[in-house]
Amino acid sequence: MASPQELRDRTKSFAVRIVRLYRSLSYKADAQVLGKQLLRCGTAVAANYRAACRARSKAEWIAKIGIVVEEADESVFWLEMLIDCEIVAAAKLQPLIKEGHELSAIFTASRHTARSK
């Protein structure tokens, strides 16, 4: 199991990769609209995980991790939209989609474990 610091680093790396992807998008309106949505939720994964690490109670931690799960899942959605709308090639986004799914699964399992204790 990954340590909190490893997950902080991993979520921050995910956010940085999202920012770099956004910077590479064309200036066409559709690319910018989808990209900004992705930029918001992709960076929110890291920010909300950091907030969860500072939670004052188990209930607060569970709530904040729930937000992390939602933001990771939403990131995958916007990445898929970039592919489906033929804005970015699927091959370029597959590693980010894989990471989004993995982060979502990790935090979903963590939330489930915390709720069951």
# chains A, B, ... in the order shown; residues from 1 in each chain; ligands from 1
>>> select_by_dssp(residues="region 22-95 of chain A", states="helix (DSSP H, G or I)", output="ChimeraX atom specification")
/A:22-24,29-53,58-84,90-95
>>> write_last_selection(atoms="C-alpha atoms", output="compact mmCIF listing (two decimals), in the first residue's frame")
# COMPACT_ATOMS: atom_id res chain seq x y z
CA TYR A 22 -3.86 21.59 -21.31
CA ARG A 23 -0.97 23.78 -22.50
CA SER A 24 -0.60 21.57 -25.57
CA ALA A 29 -13.15 26.74 -28.62
CA ASP A 30 -14.07 23.08 -28.13
CA ALA A 31 -10.54 22.11 -27.10
CA GLN A 32 -10.34 25.00 -24.66
CA VAL A 33 -13.73 24.32 -23.06
CA LEU A 34 -13.03 20.62 -22.56
CA GLY A 35 -9.45 21.37 -21.54
CA LYS A 36 -10.50 23.86 -18.85
CA GLN A 37 -12.93 21.35 -17.39
CA LEU A 38 -10.12 18.78 -17.28
CA LEU A 39 -7.68 21.33 -15.84
CA ARG A 40 -10.05 22.09 -12.96
CA CYS A 41 -10.80 18.53 -11.92
CA GLY A 42 -7.36 17.10 -12.71
CA THR A 43 -5.62 19.58 -10.44
CA ALA A 44 -8.37 19.23 -7.83
CA VAL A 45 -7.40 15.58 -7.33
CA ALA A 46 -4.08 16.66 -5.81
CA ALA A 47 -5.44 19.67 -3.94
CA ASN A 48 -8.25 17.71 -2.33
CA TYR A 49 -5.99 14.82 -1.40
CA ARG A 50 -3.70 17.29 0.39
CA ALA A 51 -6.75 18.64 2.20
CA ALA A 52 -7.78 15.11 3.17
CA CYS A 53 -4.34 14.54 4.67
CA LYS A 58 -12.35 10.41 10.29
CA ALA A 59 -15.65 11.75 8.96
CA GLU A 60 -13.93 14.77 7.43
CA TRP A 61 -11.28 12.51 5.85
CA ILE A 62 -13.94 10.25 4.35
CA ALA A 63 -15.79 13.26 2.93
CA LYS A 64 -12.65 14.76 1.41
CA ILE A 65 -11.52 11.43 -0.06
CA GLY A 66 -14.97 11.19 -1.62
CA ILE A 67 -14.26 14.45 -3.42
CA VAL A 68 -10.91 13.07 -4.60
CA VAL A 69 -12.70 10.03 -6.06
CA GLU A 70 -15.22 12.26 -7.86
CA GLU A 71 -12.52 14.52 -9.29
CA ALA A 72 -10.41 11.58 -10.50
CA ASP A 73 -13.43 10.01 -12.19
CA GLU A 74 -14.41 13.32 -13.76
CA SER A 75 -10.84 13.72 -15.05
CA VAL A 76 -11.17 10.39 -16.85
CA PHE A 77 -14.45 11.56 -18.36
CA TRP A 78 -12.91 14.75 -19.80
CA LEU A 79 -9.90 12.82 -21.10
CA GLU A 80 -12.29 10.45 -22.86
CA MET A 81 -14.17 13.44 -24.29
CA LEU A 82 -10.95 14.82 -25.75
CA ILE A 83 -10.49 11.48 -27.51
CA ASP A 84 -14.12 11.05 -28.58
CA ALA A 90 -6.15 8.18 -27.86
CA ALA A 91 -2.59 6.88 -27.68
CA LYS A 92 -1.41 10.16 -26.17
CA LEU A 93 -4.03 10.09 -23.41
CA GLN A 94 -4.07 6.40 -22.47
CA PRO A 95 -1.38 6.76 -19.76
>>> atom_distance(atom1="CA of Leu25 (chain A)", atom2="CA of Glu86 (chain A)")
11.8 Å
>>> closest_residue(among="A:Glu99, A:Lys117, A:Ile87, A:Thr108", to="Lys12 (chain A)", atoms="only C-alpha atoms")
A:Glu99
>>> atom_distance(atom1="CA of Arg10 (chain A)", atom2="CA of Leu103 (chain A)")
8.6 Å
>>> atom_distance(atom1="CA of His101 (chain A)", atom2="CA of Ser57 (chain A)")
26.7 Å
